[in-house]
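Take a look at the structure set out below.
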Amino acid sequence: MEAEKKKRLFIKVKRDNLPQVKDKYPFLYLERGRLEIDDSSVKWIDSEGSVVRLPCAVINCLLLGPGVSITHEAVKVLAAANCAVCWVGEDSLLFYAAGLSPTADTRNLRRQMHLAHDPQKALAVARRFFLKRFPEDDVKDKTLAQLRGMEGKRVKACYARYAEKYGVGWQGRSYRPGQFELSDLTNQILTACNAALYGVLNACIISMGYSPHIGYIHSGSPLPFTYDLADLYKEDVCIDTAFHLTFELAGEYNKYRVSDEFRQKIVQCNILGKVGGDIAYLLGDE
């Protein structure tokens, strides 16, 4: 019996042996291929027949784009490795769904719901979100509506500042659902980077046992907590990327260049190293 236990492929999952979000590679985007198991490891077979074994234990999230099929066994192994799986549109421009890890408990979710249910506690969380980005502002007496108004002015000023920094003409934020190509280059890059950031943060939120559906600032949207959290990182990861790539790409959108730059920004800004501590601070945890 002891010998059989030693031969087992998987060990019992505990909190102290789960890979942490901050220690993992941010994500892999896959499209037009198949994920399956071979010798108990996850392998990716692309549309040209190339085979790549994926180190899923050190990957935070797999973003599955169009044309991807995945076997039941692959899902089971990914769940055991605490690697989140998200289904997204081409180039991660749309977020459709995410797989929940069975290793997560509901402690963090209960905490999140408790704060959101109490109007005063929810407002305190919203104020901490704002102070995290603009620590010089006095928001102790501000209502949620006032915070949103201040946020709008800040964001417009931020766009103008980066447009001037990189010498890019800027007519304002514009996004038409389903009509990506009708936007100007800067807006196209912003849309792509924002969507990719939402995918990465969704994976982080879910893997830590929180819900992307319970927010404190955004409302009337499907992923309010994701959008709340994304605002902390958009300036460095998305806005800076969009304006400096607009200058470099000279009018022609290049999805490979945008994707590569986005990945580099995620790593440079240490988003996965920050997100756990940031959520704990925002929700008032020690």
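Here, A, B, ... name the chains of the structure tokens in the order displayed, residue numbers run from 1 inside each chain, and ligands are numbered from 1 in the same displayed order.
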
Task: Close residues, Gln112 (chain A) itself excluded, 8 Å, only C-alpha atoms, min 5 positions apart in chain, as a ChimeraX atom specification - done: /A:210-211,214,283

- [ ] Apply DSSP to the backbone of this structure and, from region 4-249 of chain A, keep only the residues in strand (DSSP E); write these as a PyMOL selection string.
- [x] chain A and resi 28-30+33-38+41-46+51-54+61-64+68-70+84-88+95-99

- [ ] Could you give me, as a count of residues only, the residues within 7 Å of region 61-72 of chain A, counting only C-alpha atoms and dropping anything in the same chain fewer than 4 positions from it?
- [x] 22

Task: Backbone DSSP call of alpha helix (DSSP H) for region 61-229 of chain A, listed as a ChimeraX atom specification - done: /A:72-80,107-117,119-133,144-166,185-207,224-229

TODO: Pick out the closest residue to Val267 (chain A) from this set: A:Leu249, A:Leu54, A:Val237, A:Phe243. Count only C-alpha atoms.
DONE: A:Val237

Task: Point-to-point distance from CA of Val75 (chain A) to CA of Ala230 (chain A), Å rounded to tenths - done: 27.1 Å

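With only C-alpha atoms as the atoms that count, the residue of A:Asp137, A:Leu282, A:Asp46, A:Ala79 with the shortest distance to Asn60 (chain A) is A:Ala79.
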
Open item on the list: Excluding Arg111 (chain A) and its own-chain neighbours fewer than 3 positions away, which residues fall within 12 Å of it when counting only C-alpha atoms? Please give them as a list in words.
Closed with: Asp105, Thr106, Arg107, Asn108, His114, Leu115, Ala116, His117, Asp118, Lys121, Ala122, Gly209, Tyr210, Ser211, Ile214, Ile279, Ala280, Leu282, Leu283, Gly284 and Asp285 of chain A

Open item on the list: For a quick check of understanding, using only C-alpha atoms, which of A:Gln171, A:Asn254, A:Thr143, A:Ser207 has the smallest distance to Ala192 (chain A)?
Closed with: A:Asn254

TODO: Tell me, in Å to one decimal, how far CA of Arg127 (chain A) is from CA of Lys140 (chain A).
DONE: 7.2 Å

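Taking CA of Ala126 (chain A) and CA of Lys274 (chain A) as the two end points, the separation is 18.3 Å.
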
Open item on the list: Using only C-alpha atoms, which protein or nucleic acid residues come within 10 Å of Arg53 (chain A)? Drop anything in the same chain fewer than 6 positions from it, and give the result as JSON, numbers by chain.
Closed with: {"A": [35, 36, 37, 38, 41, 42, 43, 44, 45]}

Atoms kept (N, CA and C atoms) for selection, written as an mmCIF file, in the first residue's frame:
```cif
data_model
loop_
_atom_site.group_PDB
_atom_site.id
_atom_site.type_symbol
_atom_site.label_atom_id
_atom_site.label_comp_id
_atom_site.auth_asym_id
_atom_site.auth_seq_id
_atom_site.Cartn_x
_atom_site.Cartn_y
_atom_site.Cartn_z
ATOM 1 N N LEU A 35 -5.875 20.827 -27.117
ATOM 2 C CA LEU A 35 -5.196 20.543 -25.857
ATOM 3 C C LEU A 35 -5.588 19.150 -25.392
ATOM 4 N N GLU A 36 -4.611 18.312 -25.151
ATOM 5 C CA GLU A 36 -4.897 16.970 -24.666
ATOM 6 C C GLU A 36 -3.775 16.494 -23.759
ATOM 7 N N ILE A 37 -3.892 15.275 -23.266
ATOM 8 C CA ILE A 37 -2.931 14.729 -22.313
ATOM 9 C C ILE A 37 -2.091 13.648 -22.977
ATOM 10 N N ASP A 38 -0.808 13.680 -22.677
ATOM 11 C CA ASP A 38 0.101 12.646 -23.139
ATOM 12 C C ASP A 38 1.102 12.381 -22.018
ATOM 13 N N SER A 41 1.007 14.810 -19.031
ATOM 14 C CA SER A 41 1.346 16.224 -19.206
ATOM 15 C C SER A 41 0.428 16.814 -20.278
ATOM 16 N N VAL A 42 0.178 18.101 -20.174
ATOM 17 C CA VAL A 42 -0.691 18.769 -21.137
ATOM 18 C C VAL A 42 0.125 19.124 -22.374
ATOM 19 N N LYS A 43 -0.385 18.757 -23.517
ATOM 20 C CA LYS A 43 0.319 19.110 -24.747
ATOM 21 C C LYS A 43 -0.612 19.887 -25.677
ATOM 22 N N TRP A 44 -0.009 20.784 -26.422
ATOM 23 C CA TRP A 44 -0.736 21.622 -27.372
ATOM 24 C C TRP A 44 -0.369 21.181 -28.784
ATOM 25 N N ILE A 45 -1.363 20.864 -29.590
ATOM 26 C CA ILE A 45 -1.164 20.470 -30.979
ATOM 27 C C ILE A 45 -1.808 21.545 -31.845
#
```

Task: Test item: residues at most 9 Å from Val275 (chain A), only C-alpha atoms, excluding those fewer than 2 positions along its chain, as a PyMOL selection string - done: chain A and resi 21-22+201+204-205+229+270-273+277-280

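The neighbours of Val168 (chain A) here are the residues that come within 8 Å of it, using only C-alpha atoms and leaving out any residue fewer than 2 positions away in the same chain; they are Ala163, Glu164, Lys165, Tyr166, Trp170, Phe243, Thr246 and Phe247 of chain A.
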